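*Asks:* Here it is, the structure, as structure tokens.
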Amino acid sequence: MIRTEELLLNVGPQHPSTHGVLRIVVKLDGEVIKEATPVIGYLHRGTEKLAESLNYTQIIPYTDRMDYLSAMTNNYVLCYAVEKMMGIEVPERAQFLRLIVMELQRIASHLVWWGTYLLDLGALSPFLFAFKDREKIVDLFNELCGARLTYNYMRVGGVKWDAPPGWIDKVRDFIPYMEKQLQDYDRLVTGNEIFLNRVKGIGKYDAETAIAWGLSGVNLRCTGVKWDLRKDEPYCIYDRFEFDVPVGKNGDCYDRYLLRIEEIRQSLRILKQAVEQFPSSGETMGKVPRVIRPPEGETYVRIEAPRGELGCHIVSKGKAEPYRLKFRRPSFNNLQMLPKLLVGETMSNLIAILGGVDIVLGEVDC
Amino acid sequence: MKGMIQGLGVTLKTMFSKKVTYAYPDEPLKMPDRFRGIQHFDPDKCIVCNQCARICPTQCITLTGKPNPDPEKKGKVIDTYDINFELCILCDLCTEVCPTEAIVMTNNFELAAYSRDELFKDREWLENNNTNIRQDNNNIGAPQRGGAK
Amino acid sequence: MSEEQKREESRPAEPEAARREDAAEARTGGPADARVENAGEEKRDEPAAEGGRETVTAREASGGGSAGTEAGQPAQPQPDAASDQPASAAGAEAEGKAAPAGDGDGARAGDGADAGTGKSGGEAADAGKAAVDPEREAKIRAAQEARAARLAAKAAAGAAAGGAAAGKDAAAAEPKPPSPKQPWLDEAVELLKTEVHPEAVEEATINALSDDMPTIVVKAEHWPAAAKLLRDHEKLGCRYLRNVTGVDYETHMEVVYFVINMETKREYAIKIRTDREHPSVPSAVPVWPGADWPEREIYDLLGIEFPGHPNLRRILMPDDWVGHPLRKDYVPLDPEV
Amino acid sequence: MTKWLEQPLSWENALFFTAMAVVFLLIVLLYVVYAILFERKVLGWMQWRHGPNRLGPWGMFQTVADVLKLLFKEDTIPRKADRALFIIAPALCYAPSFAVLAVIPYTRELYFADLNVAVVYYAALSAISTIAIVLGGWASNNKYSLLGGMRSGAQMISYEVPLVLSIVGTVMMTGSMNLRKIVEAQGDWFWQWNFLPQIIGFGVFLVAAVSELNRSPFDLPEAESELVAGYHTEYSGFRFAFFMLAEYVYMFAIAGLASVLFLGGWRPPAPFLDFIPGIVWMILKMAFVIFFLFWLRATMPRVRIDQLMGFAWKVLLPLAILNVFVTAVGLELFIKG
């Protein structure tokens, strides 16, 4: 009688499609996955321990490196938490700059996801298409705050740099350009039959499991739950713009794909309104005491980062350094559902599901 | 089948459109003014106030001052000033808090080196790294502009 | 401002030697870590005060430090200049202690001083100098008294400024109208008392700093039942666990669960306190499967046991790692990091 | 070549044949070098970039440099690998690909063998390469290459069948399996070539050919994102070059076959164009087919293994059989009737 054994396979940590240093120990029976256990911690830099001995302005460069694909939203969540504790009023122009910059960051982050997801599924060109368009956004950031990836742009109470002359017009021209590119993307990929049957009906779960597992962002909305913090718990000045929250139906990889593309369109819509209502002049830094010392106590704020609900829980003892700083990282919670999804799937589906969940290891390990 | 043919159409169209890549090593890359490259240090402006060393999140700046050589002037003059570029993350906080803009970012970013000790830039190297210095420094952190002590 | 800075800066060179030999003979075993840690912190603030900037909490912290009171308990109005003497003496000794490597979180602060995160370093040298140079000391003490006076005035006016409301919630809540989320809080406390256990709830407050988040402190042994109630009760229905945080308060450990009901946006922060020796909080995984990894992370970084957790293993640290890094008394492996 | 082939075998015409074979091998190697460069340039152009342009004008020496690099690279053999099989596999994979080229008629006189069973000859020899790939996967004793080898074995076998069946239509139309006769049987005008009456056959042939070459939508064996590098994970140095060489020479063969069977071989698209020698037309048509393969690689994502199998047996095979049936009916009605 032929004795078949299960094959123990290490997908990662150095693997072309695990979006960073994630290792999944997969027990394979032929092509079918019996059991998958993700192993994380390869990129753990102890940000939370370091933050306990740095004052708030020094922590901001560390938040850039948490979710390195959307540094702006990380900066914002820390500043938002401290501003809420100290009750600092952020001037109008700074709020607008923050919103424009975060929405641009959301588009850039979704573009990177789109490029790498297609690369995982085997198509080579979309990656280059995505980075061509992301380059335009990164150039905008480079002009605004001097960096391409780790911006260190926001400060408690406002933003460091004001928009250079002509910057807002460049953002205004970027919007129609991007909309035209999105049509190209749809024609290149969304209709492609090979892509469709690689993605349709894969990694399906329902709203109940999504809520029970604490998923957030597109992974939650793809099951039909309409929960977007920009609408449900408005922060910054999101409540002044109307945009709608795309919601999926059957919670599979294809829905997640469509939602993210739709979110890029919605972000473009917000940007259009924000650029119109952009105040022509005004302060970029609010009234901030010389040394930032939040009063004793704790606060938990959360915003809608490209990957889901990004929260920041600060416990302060009234000193210049936080007593305890905890980030609720969306990729960390979204990843814990993966083993449940993978049982019974094949190897290529593992890659499709992992890409669909859109995790960034810098954020998972923090 | 229709989706595939549309996809082929897009790639064919791209084949004949203008390319977007730039030949970096041959033509130097022109960075916008605010770009945060390697720092430039101007020793005479420095009042050895230790602010930059204090604000640096990775503590990579070490400096020592010495009393002013000519007797009638008070205060200190910078003696040694080095930045360890293995740790420096170019986060621009040092230029933000410097009251006299002695430390300023430039636009050049080539930091590749063959050995680690080449990454310890001392004062004199930082001084003559004076090509395309950044004009607008916006040191909102400096004391006179309400920055943190 | 800058000339005073110069004066203060001119001294770091000479006391360097003084501080080094201080460190050598002051290398005592160190009383309870908390003390060192407090002193380390207090040293950081005391020089900050001396640096000529008046700050709200510096006095409180140094007062709290030297009196050895609970760090958590908000320091009441400061003792007058008399406490100043022990403070600066403690300052010198503490600053000495801060120098030795690898001595608890204090060392972390101490490293900060050594490696010239500067601010405290510069001042620490300055404090050391005061011990050596008596006539300077008078001038410093005068400056401190002036500051104490100004500070007391400021603290009194602080309540209105809101920012300085600090821990005294109750006092601040009265003048403000009862927050809109108060009924939610009372309702939840009511339900917990009736359904779960009369004294299940230790404390119930509205956290003004976080959009009046209703915060309930639940006893550890009633936590599983309370969790089930929170999720399944039709009025509460908090089915979405959004965040789990572990906090080490040096006197006790605390795990905070943030749960929310998506439809009615009813949100609670549930705190469970355990002691530090062998902290354990019943796991919430049977109620919210989403708590699986966050609890494993808290176990890994803070060492809080979670009985009832399906597979409680280290998640971020290598499996053979010793110690829990986020604890305040964690001794880092290589101190000069 | 015809008169040389008819003569009885003698020393000097045997020598002549070996010389011709060596010259042809050099031409094919030259083709491979510039096909690799052309592929990388075309992929580049289709992705908004220039493709290799640093070595030599327009990157001409890029592939030469790659081949030299592979020559100098140390080709390691994994310790626990099955040494003999590991060494044979690349050779076994390359040899049939070059042998297959003999049977394709490039112009009226330029052909190396005039077999009347050319089609079957091609099918037989290309199967040997499949065995070599599975052998390579097994011999390198690495989980990933084992999976890659298994997959490619299954894929090659299941696509061999529709490939050969799709040719049956053309063979029926021309009544002979000799490729030269097939080209002569096609008409002068391009719409009289075989690809129009045999459109289904041509489609099935192209799809099966792409899968036979392990290229783009069907490149399961060396699916980088899943199996890191498929069967040639452990190969490095010149052994790896052999696998690459085999793939490109097979592409040459498939392009030759496609243009001979369906695109009228060396025949010009219109009679008045026949002052241009046949070889030019043959090269143009082969270049078009090769460009089409590159074009597919730039656009298509990868098909999953079970979809790949299902597609072969459930879609391509029935289509091929349908094509044979339609051709039979067509012949019956139009030609004989």
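Each chain in the structure tokens gets a letter, A, B and so on, in the order shown; residues start at 1 in every chain, and ligands are counted from 1 in the order they appear.
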Counting only C-alpha atoms, which residues of chain B come no farther than 8 Å from chain D, as a list in words?

*Replies:*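 Output check: Met4, Gly7, Leu8, Thr11, Leu12, Lys13, Thr14, Met15, Phe16, Ser17, Lys18, Lys19, Val20 and Thr21 of chain B.
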
*Asks:* Might you pull out every residue within 9 Å of D:Arg267, with only C-alpha atoms counted and same-chain residues fewer than 3 positions away left off, and present them as a ChimeraX atom specification?

*Replies:* /D:107,183-184,186-190,263-264,270-271,274,278,281-282

*Asks:* Write a file of the selected residues as a PDB file, in the first residue's frame, keeping N, CA, C and O atoms.

*Replies:*
```pdb
ATOM      1  N   THR D 107      12.863  27.052 -46.223  1.00  0.00           N
ATOM      2  CA  THR D 107      12.414  27.562 -47.536  1.00  0.00           C
ATOM      3  C   THR D 107      12.230  26.330 -48.438  1.00  0.00           C
ATOM      4  O   THR D 107      12.425  25.203 -47.993  1.00  0.00           O
ATOM      5  N   VAL D 183       3.207  22.952 -46.736  1.00  0.00           N
ATOM      6  CA  VAL D 183       3.397  24.369 -47.127  1.00  0.00           C
ATOM      7  C   VAL D 183       3.014  24.541 -48.585  1.00  0.00           C
ATOM      8  O   VAL D 183       2.296  25.458 -48.972  1.00  0.00           O
ATOM      9  N   GLU D 184       3.411  23.557 -49.425  1.00  0.00           N
ATOM     10  CA  GLU D 184       3.093  23.710 -50.852  1.00  0.00           C
ATOM     11  C   GLU D 184       1.587  23.659 -51.088  1.00  0.00           C
ATOM     12  O   GLU D 184       1.034  24.356 -51.938  1.00  0.00           O
ATOM     13  N   GLN D 186      -0.658  24.964 -49.392  1.00  0.00           N
ATOM     14  CA  GLN D 186      -1.378  26.225 -49.057  1.00  0.00           C
ATOM     15  C   GLN D 186      -1.315  27.168 -50.248  1.00  0.00           C
ATOM     16  O   GLN D 186      -0.349  27.156 -51.006  1.00  0.00           O
ATOM     17  N   GLY D 187      -2.322  27.986 -50.397  1.00  0.00           N
ATOM     18  CA  GLY D 187      -2.492  28.836 -51.580  1.00  0.00           C
ATOM     19  C   GLY D 187      -1.542  30.021 -51.575  1.00  0.00           C
ATOM     20  O   GLY D 187      -0.787  30.211 -50.626  1.00  0.00           O
ATOM     21  N   ASP D 188      -1.614  30.828 -52.668  1.00  0.00           N
ATOM     22  CA  ASP D 188      -0.707  31.971 -52.780  1.00  0.00           C
ATOM     23  C   ASP D 188      -1.175  33.124 -51.919  1.00  0.00           C
ATOM     24  O   ASP D 188      -0.377  33.850 -51.345  1.00  0.00           O
ATOM     25  N   TRP D 189      -2.500  33.336 -51.897  1.00  0.00           N
ATOM     26  CA  TRP D 189      -2.973  34.506 -51.145  1.00  0.00           C
ATOM     27  C   TRP D 189      -3.073  34.129 -49.662  1.00  0.00           C
ATOM     28  O   TRP D 189      -3.363  33.009 -49.335  1.00  0.00           O
ATOM     29  N   PHE D 190      -2.842  35.128 -48.797  1.00  0.00           N
ATOM     30  CA  PHE D 190      -2.751  34.761 -47.376  1.00  0.00           C
ATOM     31  C   PHE D 190      -4.072  34.185 -46.880  1.00  0.00           C
ATOM     32  O   PHE D 190      -4.114  33.375 -45.997  1.00  0.00           O
ATOM     33  N   LEU D 263       0.592  29.292 -41.225  1.00  0.00           N
ATOM     34  CA  LEU D 263       0.779  30.632 -41.812  1.00  0.00           C
ATOM     35  C   LEU D 263       1.521  30.542 -43.140  1.00  0.00           C
ATOM     36  O   LEU D 263       2.154  31.501 -43.567  1.00  0.00           O
ATOM     37  N   GLY D 264       1.496  29.368 -43.802  1.00  0.00           N
ATOM     38  CA  GLY D 264       2.006  29.333 -45.157  1.00  0.00           C
ATOM     39  C   GLY D 264       3.515  29.413 -45.280  1.00  0.00           C
ATOM     40  O   GLY D 264       4.024  29.953 -46.263  1.00  0.00           O
ATOM     41  N   ALA D 270       1.094  37.574 -50.821  1.00  0.00           N
ATOM     42  CA  ALA D 270       0.423  37.834 -52.122  1.00  0.00           C
ATOM     43  C   ALA D 270       1.411  37.448 -53.210  1.00  0.00           C
ATOM     44  O   ALA D 270       2.620  37.656 -53.054  1.00  0.00           O
ATOM     45  N   PRO D 271       0.910  36.892 -54.353  1.00  0.00           N
ATOM     46  CA  PRO D 271       1.843  36.374 -55.385  1.00  0.00           C
ATOM     47  C   PRO D 271       2.822  37.423 -55.878  1.00  0.00           C
ATOM     48  O   PRO D 271       3.994  37.157 -56.062  1.00  0.00           O
ATOM     49  N   ASP D 274       6.456  37.804 -54.489  1.00  0.00           N
ATOM     50  CA  ASP D 274       7.379  36.676 -54.321  1.00  0.00           C
ATOM     51  C   ASP D 274       8.791  37.006 -54.791  1.00  0.00           C
ATOM     52  O   ASP D 274       9.672  36.194 -54.781  1.00  0.00           O
ATOM     53  N   GLY D 278      11.928  33.521 -49.920  1.00  0.00           N
ATOM     54  CA  GLY D 278      11.044  32.854 -48.967  1.00  0.00           C
ATOM     55  C   GLY D 278      11.555  32.961 -47.547  1.00  0.00           C
ATOM     56  O   GLY D 278      10.777  33.137 -46.611  1.00  0.00           O
ATOM     57  N   TRP D 281      10.153  35.744 -45.511  1.00  0.00           N
ATOM     58  CA  TRP D 281       8.783  35.572 -45.020  1.00  0.00           C
ATOM     59  C   TRP D 281       8.753  34.623 -43.837  1.00  0.00           C
ATOM     60  O   TRP D 281       8.076  34.856 -42.835  1.00  0.00           O
ATOM     61  N   MET D 282       9.532  33.570 -43.947  1.00  0.00           N
ATOM     62  CA  MET D 282       9.549  32.571 -42.848  1.00  0.00           C
ATOM     63  C   MET D 282       9.990  33.261 -41.555  1.00  0.00           C
ATOM     64  O   MET D 282       9.343  33.125 -40.501  1.00  0.00           O
TER      65      MET D 282
END
```

*Asks:* Mind checking which residues fall within 10 Å of B:Ile5, counting only C-alpha atoms, ignoring those fewer than 2 positions away in the same chain, and posting them as a list in words?

*Replies:*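 Near B:Ile5, the qualifying residues are Arg187, Leu188, Gly191 and Asn192 of chain A; Met1, Lys2, Gly3, Gly7, Leu8, Gly9 and Val10 of chain B; Thr299 of chain D.
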
*Asks:* Selection from above, N, CA and C atoms, as a PDB file, in the first residue's frame, can you write it?

*Replies:*
```pdb
ATOM      1  N   ARG A 187      -9.221  47.780 -17.712  1.00  0.00           N
ATOM      2  CA  ARG A 187      -9.158  47.049 -19.004  1.00  0.00           C
ATOM      3  C   ARG A 187      -8.052  46.004 -18.953  1.00  0.00           C
ATOM      4  N   LEU A 188      -6.948  46.307 -18.227  1.00  0.00           N
ATOM      5  CA  LEU A 188      -5.826  45.363 -18.213  1.00  0.00           C
ATOM      6  C   LEU A 188      -6.155  44.148 -17.359  1.00  0.00           C
ATOM      7  N   GLY A 191     -11.130  42.728 -16.168  1.00  0.00           N
ATOM      8  CA  GLY A 191     -11.966  41.872 -17.021  1.00  0.00           C
ATOM      9  C   GLY A 191     -11.295  40.553 -17.342  1.00  0.00           C
ATOM     10  N   ASN A 192     -10.021  40.431 -17.064  1.00  0.00           N
ATOM     11  CA  ASN A 192      -9.248  39.282 -17.524  1.00  0.00           C
ATOM     12  C   ASN A 192      -9.799  37.981 -16.946  1.00  0.00           C
TER      13      ASN A 192
ATOM     14  N   MET B   1     -13.025  35.931 -22.911  1.00  0.00           N
ATOM     15  CA  MET B   1     -12.002  36.186 -23.952  1.00  0.00           C
ATOM     16  C   MET B   1     -11.855  37.715 -24.134  1.00  0.00           C
ATOM     17  N   LYS B   2     -13.016  38.430 -23.919  1.00  0.00           N
ATOM     18  CA  LYS B   2     -12.968  39.865 -24.225  1.00  0.00           C
ATOM     19  C   LYS B   2     -11.993  40.552 -23.283  1.00  0.00           C
ATOM     20  N   GLY B   3     -12.020  40.130 -21.993  1.00  0.00           N
ATOM     21  CA  GLY B   3     -11.122  40.796 -21.033  1.00  0.00           C
ATOM     22  C   GLY B   3      -9.671  40.629 -21.445  1.00  0.00           C
ATOM     23  N   GLY B   7      -6.915  43.430 -22.328  1.00  0.00           N
ATOM     24  CA  GLY B   7      -5.617  43.527 -21.633  1.00  0.00           C
ATOM     25  C   GLY B   7      -4.477  43.603 -22.640  1.00  0.00           C
ATOM     26  N   LEU B   8      -4.535  42.747 -23.674  1.00  0.00           N
ATOM     27  CA  LEU B   8      -3.468  42.773 -24.690  1.00  0.00           C
ATOM     28  C   LEU B   8      -3.428  44.148 -25.343  1.00  0.00           C
ATOM     29  N   GLY B   9      -4.610  44.739 -25.548  1.00  0.00           N
ATOM     30  CA  GLY B   9      -4.644  46.075 -26.159  1.00  0.00           C
ATOM     31  C   GLY B   9      -3.894  47.078 -25.303  1.00  0.00           C
ATOM     32  N   VAL B  10      -4.110  47.008 -23.998  1.00  0.00           N
ATOM     33  CA  VAL B  10      -3.461  47.992 -23.105  1.00  0.00           C
ATOM     34  C   VAL B  10      -1.943  47.835 -23.192  1.00  0.00           C
TER      35      VAL B  10
ATOM     36  N   THR D 299       1.119  40.216 -20.264  1.00  0.00           N
ATOM     37  CA  THR D 299      -0.241  40.622 -19.884  1.00  0.00           C
ATOM     38  C   THR D 299      -0.934  39.645 -18.959  1.00  0.00           C
TER      39      THR D 299
END
```

*Asks:* When DSSP is applied to the backbone of this structure, which of stretch 2-97 of chain B are assigned helix (DSSP H, G or I)? Write them out as a compact mmCIF listing (two decimals) with all heavy atoms, in the first residue's frame.

*Replies:*
```
# COMPACT_ATOMS: atom_id res chain seq x y z
N LYS B 2 -13.02 38.43 -23.92
CA LYS B 2 -12.97 39.87 -24.23
C LYS B 2 -11.99 40.55 -23.28
O LYS B 2 -11.18 41.38 -23.70
CB LYS B 2 -14.40 40.43 -24.03
CG LYS B 2 -14.60 41.80 -24.63
CD LYS B 2 -16.05 42.19 -24.55
CE LYS B 2 -16.41 42.58 -23.10
NZ LYS B 2 -15.53 43.70 -22.64
N GLY B 3 -12.02 40.13 -21.99
CA GLY B 3 -11.12 40.80 -21.03
C GLY B 3 -9.67 40.63 -21.44
O GLY B 3 -8.87 41.57 -21.42
N MET B 4 -9.33 39.43 -21.87
CA MET B 4 -7.91 39.18 -22.25
C MET B 4 -7.52 40.07 -23.42
O MET B 4 -6.45 40.68 -23.44
CB MET B 4 -7.76 37.71 -22.62
CG MET B 4 -7.75 36.78 -21.41
SD MET B 4 -7.13 35.18 -21.93
CE MET B 4 -8.40 34.13 -21.26
N ILE B 5 -8.39 40.17 -24.40
CA ILE B 5 -8.03 40.95 -25.60
C ILE B 5 -7.87 42.41 -25.21
O ILE B 5 -6.93 43.10 -25.61
CB ILE B 5 -9.10 40.75 -26.68
CG1 ILE B 5 -9.01 39.30 -27.19
CG2 ILE B 5 -8.89 41.72 -27.83
CD1 ILE B 5 -10.20 38.86 -27.99
N GLN B 6 -8.78 42.88 -24.30
CA GLN B 6 -8.61 44.28 -23.84
C GLN B 6 -7.26 44.44 -23.16
O GLN B 6 -6.53 45.40 -23.41
CB GLN B 6 -9.71 44.59 -22.81
CG GLN B 6 -10.98 45.10 -23.42
CD GLN B 6 -12.01 45.43 -22.33
OE1 GLN B 6 -11.89 44.99 -21.19
NE2 GLN B 6 -13.00 46.21 -22.69
N GLY B 7 -6.91 43.43 -22.33
CA GLY B 7 -5.62 43.53 -21.63
C GLY B 7 -4.48 43.60 -22.64
O GLY B 7 -3.59 44.45 -22.55
N LEU B 8 -4.53 42.75 -23.67
CA LEU B 8 -3.47 42.77 -24.69
C LEU B 8 -3.43 44.15 -25.34
O LEU B 8 -2.36 44.70 -25.61
CB LEU B 8 -3.72 41.69 -25.72
CG LEU B 8 -3.49 40.24 -25.20
CD1 LEU B 8 -3.97 39.23 -26.23
CD2 LEU B 8 -2.03 40.03 -24.88
N GLY B 9 -4.61 44.74 -25.55
CA GLY B 9 -4.64 46.07 -26.16
C GLY B 9 -3.89 47.08 -25.30
O GLY B 9 -3.09 47.88 -25.80
N VAL B 10 -4.11 47.01 -24.00
CA VAL B 10 -3.46 47.99 -23.10
C VAL B 10 -1.94 47.83 -23.19
O VAL B 10 -1.21 48.81 -23.37
CB VAL B 10 -3.95 47.78 -21.65
CG1 VAL B 10 -3.13 48.63 -20.70
CG2 VAL B 10 -5.41 48.12 -21.54
N THR B 11 -1.47 46.59 -23.13
CA THR B 11 0.01 46.45 -23.15
C THR B 11 0.55 46.90 -24.50
O THR B 11 1.61 47.51 -24.58
CB THR B 11 0.40 44.97 -22.92
OG1 THR B 11 -0.59 44.15 -23.48
CG2 THR B 11 0.55 44.68 -21.46
N LEU B 12 -0.17 46.63 -25.57
CA LEU B 12 0.34 47.07 -26.89
C LEU B 12 0.40 48.60 -26.92
O LEU B 12 1.39 49.19 -27.34
CB LEU B 12 -0.59 46.56 -27.99
CG LEU B 12 0.02 46.63 -29.40
CD1 LEU B 12 1.24 45.71 -29.48
CD2 LEU B 12 -0.99 46.26 -30.46
N LYS B 13 -0.64 49.23 -26.37
CA LYS B 13 -0.64 50.71 -26.38
C LYS B 13 0.56 51.21 -25.58
O LYS B 13 1.28 52.12 -25.99
CB LYS B 13 -1.95 51.20 -25.75
CG LYS B 13 -2.09 52.71 -25.66
CD LYS B 13 -3.52 53.10 -25.37
CE LYS B 13 -3.93 52.73 -23.94
NZ LYS B 13 -3.15 53.53 -22.95
N THR B 14 0.80 50.55 -24.44
CA THR B 14 1.94 51.01 -23.61
C THR B 14 3.24 50.85 -24.36
O THR B 14 4.16 51.63 -24.19
CB THR B 14 2.01 50.15 -22.33
OG1 THR B 14 0.70 49.71 -22.02
CG2 THR B 14 2.58 50.94 -21.20
N MET B 15 3.30 49.82 -25.21
CA MET B 15 4.58 49.56 -25.88
C MET B 15 5.00 50.77 -26.70
O MET B 15 6.18 51.09 -26.79
CB MET B 15 4.41 48.35 -26.81
CG MET B 15 5.71 47.81 -27.34
SD MET B 15 5.40 46.21 -28.07
CE MET B 15 6.67 46.21 -29.29
N PHE B 16 4.03 51.49 -27.27
CA PHE B 16 4.43 52.59 -28.16
C PHE B 16 4.38 53.94 -27.45
O PHE B 16 4.64 54.96 -28.04
CB PHE B 16 3.51 52.61 -29.39
CG PHE B 16 3.57 51.32 -30.16
CD1 PHE B 16 2.52 50.42 -30.13
CD2 PHE B 16 4.72 50.99 -30.87
CE1 PHE B 16 2.61 49.21 -30.80
CE2 PHE B 16 4.81 49.77 -31.54
CZ PHE B 16 3.75 48.89 -31.51
N PRO B 43 30.24 75.47 11.28
CA PRO B 43 30.70 75.55 12.68
C PRO B 43 30.58 76.95 13.27
O PRO B 43 30.22 77.10 14.43
CB PRO B 43 32.17 75.13 12.61
CG PRO B 43 32.50 74.93 11.20
CD PRO B 43 31.29 75.06 10.38
N ASP B 44 30.79 78.03 12.50
CA ASP B 44 30.79 79.34 13.17
C ASP B 44 29.38 79.69 13.67
O ASP B 44 29.21 80.40 14.63
CB ASP B 44 31.30 80.46 12.24
CG ASP B 44 31.69 79.88 10.90
OD1 ASP B 44 32.21 78.73 10.98
OD2 ASP B 44 31.47 80.47 9.86
N LYS B 45 28.34 79.16 13.02
CA LYS B 45 27.00 79.53 13.52
C LYS B 45 26.68 78.76 14.80
O LYS B 45 25.79 79.15 15.55
CB LYS B 45 25.96 79.18 12.45
CG LYS B 45 25.90 80.10 11.25
CD LYS B 45 24.61 79.75 10.45
CE LYS B 45 24.57 80.50 9.12
NZ LYS B 45 23.73 79.77 8.14
N GLN B 51 21.07 71.12 21.49
CA GLN B 51 19.67 70.81 21.15
C GLN B 51 19.58 69.64 20.18
O GLN B 51 18.77 68.72 20.35
CB GLN B 51 19.05 72.05 20.47
CG GLN B 51 18.67 73.15 21.43
CD GLN B 51 17.48 72.76 22.27
OE1 GLN B 51 17.63 71.99 23.22
NE2 GLN B 51 16.32 73.22 21.92
N CYS B 52 20.43 69.68 19.14
CA CYS B 52 20.28 68.64 18.10
C CYS B 52 20.59 67.27 18.68
O CYS B 52 19.86 66.29 18.45
CB CYS B 52 21.22 68.95 16.93
SG CYS B 52 22.90 69.25 17.44
N ALA B 53 21.61 67.21 19.53
CA ALA B 53 21.95 65.90 20.10
C ALA B 53 20.80 65.41 20.96
O ALA B 53 20.48 64.22 20.99
CB ALA B 53 23.23 66.01 20.91
N ARG B 54 20.12 66.37 21.60
CA ARG B 54 19.07 65.99 22.57
C ARG B 54 17.83 65.48 21.80
O ARG B 54 17.21 64.50 22.18
CB ARG B 54 18.72 67.23 23.39
CG ARG B 54 18.02 66.95 24.70
CD ARG B 54 17.99 68.23 25.52
NE ARG B 54 19.33 68.60 25.97
CZ ARG B 54 19.76 69.87 25.94
NH1 ARG B 54 19.00 70.82 25.46
NH2 ARG B 54 20.97 70.15 26.37
N ILE B 55 17.48 66.14 20.66
CA ILE B 55 16.20 65.80 20.01
C ILE B 55 16.35 64.54 19.14
O ILE B 55 15.39 63.88 18.82
CB ILE B 55 15.72 67.00 19.15
CG1 ILE B 55 14.25 66.82 18.71
CG2 ILE B 55 16.58 67.15 17.91
CD1 ILE B 55 13.26 67.08 19.73
N LEU B 93 14.88 66.27 12.35
CA LEU B 93 14.50 66.92 13.62
C LEU B 93 15.64 67.82 14.09
O LEU B 93 15.42 68.88 14.68
CB LEU B 93 14.20 65.85 14.69
CG LEU B 93 12.82 65.17 14.55
CD1 LEU B 93 12.67 64.09 15.60
CD2 LEU B 93 11.70 66.18 14.68
N CYS B 94 16.89 67.43 13.77
CA CYS B 94 18.01 68.27 14.27
C CYS B 94 17.96 69.64 13.61
O CYS B 94 18.07 70.67 14.28
CB CYS B 94 19.33 67.58 13.99
SG CYS B 94 19.49 66.95 12.32
N THR B 95 17.72 69.68 12.31
CA THR B 95 17.68 71.02 11.68
C THR B 95 16.45 71.79 12.17
O THR B 95 16.44 73.01 12.16
CB THR B 95 17.56 70.86 10.15
OG1 THR B 95 16.45 69.99 9.91
CG2 THR B 95 18.79 70.25 9.57
N GLU B 96 15.45 71.05 12.65
CA GLU B 96 14.22 71.72 13.08
C GLU B 96 14.46 72.49 14.37
O GLU B 96 13.92 73.56 14.56
CB GLU B 96 13.13 70.64 13.28
CG GLU B 96 11.75 71.17 13.57
CD GLU B 96 10.74 70.00 13.64
OE1 GLU B 96 10.73 69.19 12.70
OE2 GLU B 96 10.01 69.91 14.63
N VAL B 97 15.31 71.90 15.26
CA VAL B 97 15.42 72.55 16.58
C VAL B 97 16.63 73.48 16.65
O VAL B 97 16.82 74.17 17.63
CB VAL B 97 15.55 71.49 17.70
CG1 VAL B 97 14.27 70.73 17.86
CG2 VAL B 97 16.72 70.57 17.43
```

*Asks:* Distance atom CA of A:Gly87-atom CA of A:Arg230, one decimal place?

*Replies:*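 Taking atom CA of A:Gly87 and atom CA of A:Arg230, their separation equals 20.5 Å.
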
*Asks:* Grab the atom CA of C:Pro289 to atom CA of A:Ser216 distance for me, in Å with one decimal place.

*Replies:*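 Spanning atom CA of C:Pro289 to atom CA of A:Ser216 is a straight-line distance of 14.1 Å.
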
*Asks:* I need the contact residues of chain A against chain B, so if you could list those with any atom within 9 Å, counting only C-alpha atoms, and return them as number ranges by chain, that would help.

*Replies:* A: 54-55, 57-59, 61-62, 125, 132, 139, 142-148, 150-152, 160-161, 184-194, 288-292

*Asks:* Quick one: which residues from chain D are at most 12 Å off chain A, using only C-alpha atoms, as a PyMOL selection string?

*Replies:* chain D and resi 40+42-49+142-144+146-148+150-151+215-229+294-308+311

*Asks:* Which neighbours of stretch 205-207 of chain A fall inside 9 Å, counting only C-alpha atoms, when residues of the same chain fewer than 4 positions from it are skipped, and could you give them as an NGL selection string?

*Replies:* :A and (211-212 or 220-225 or 250-252 or 341)
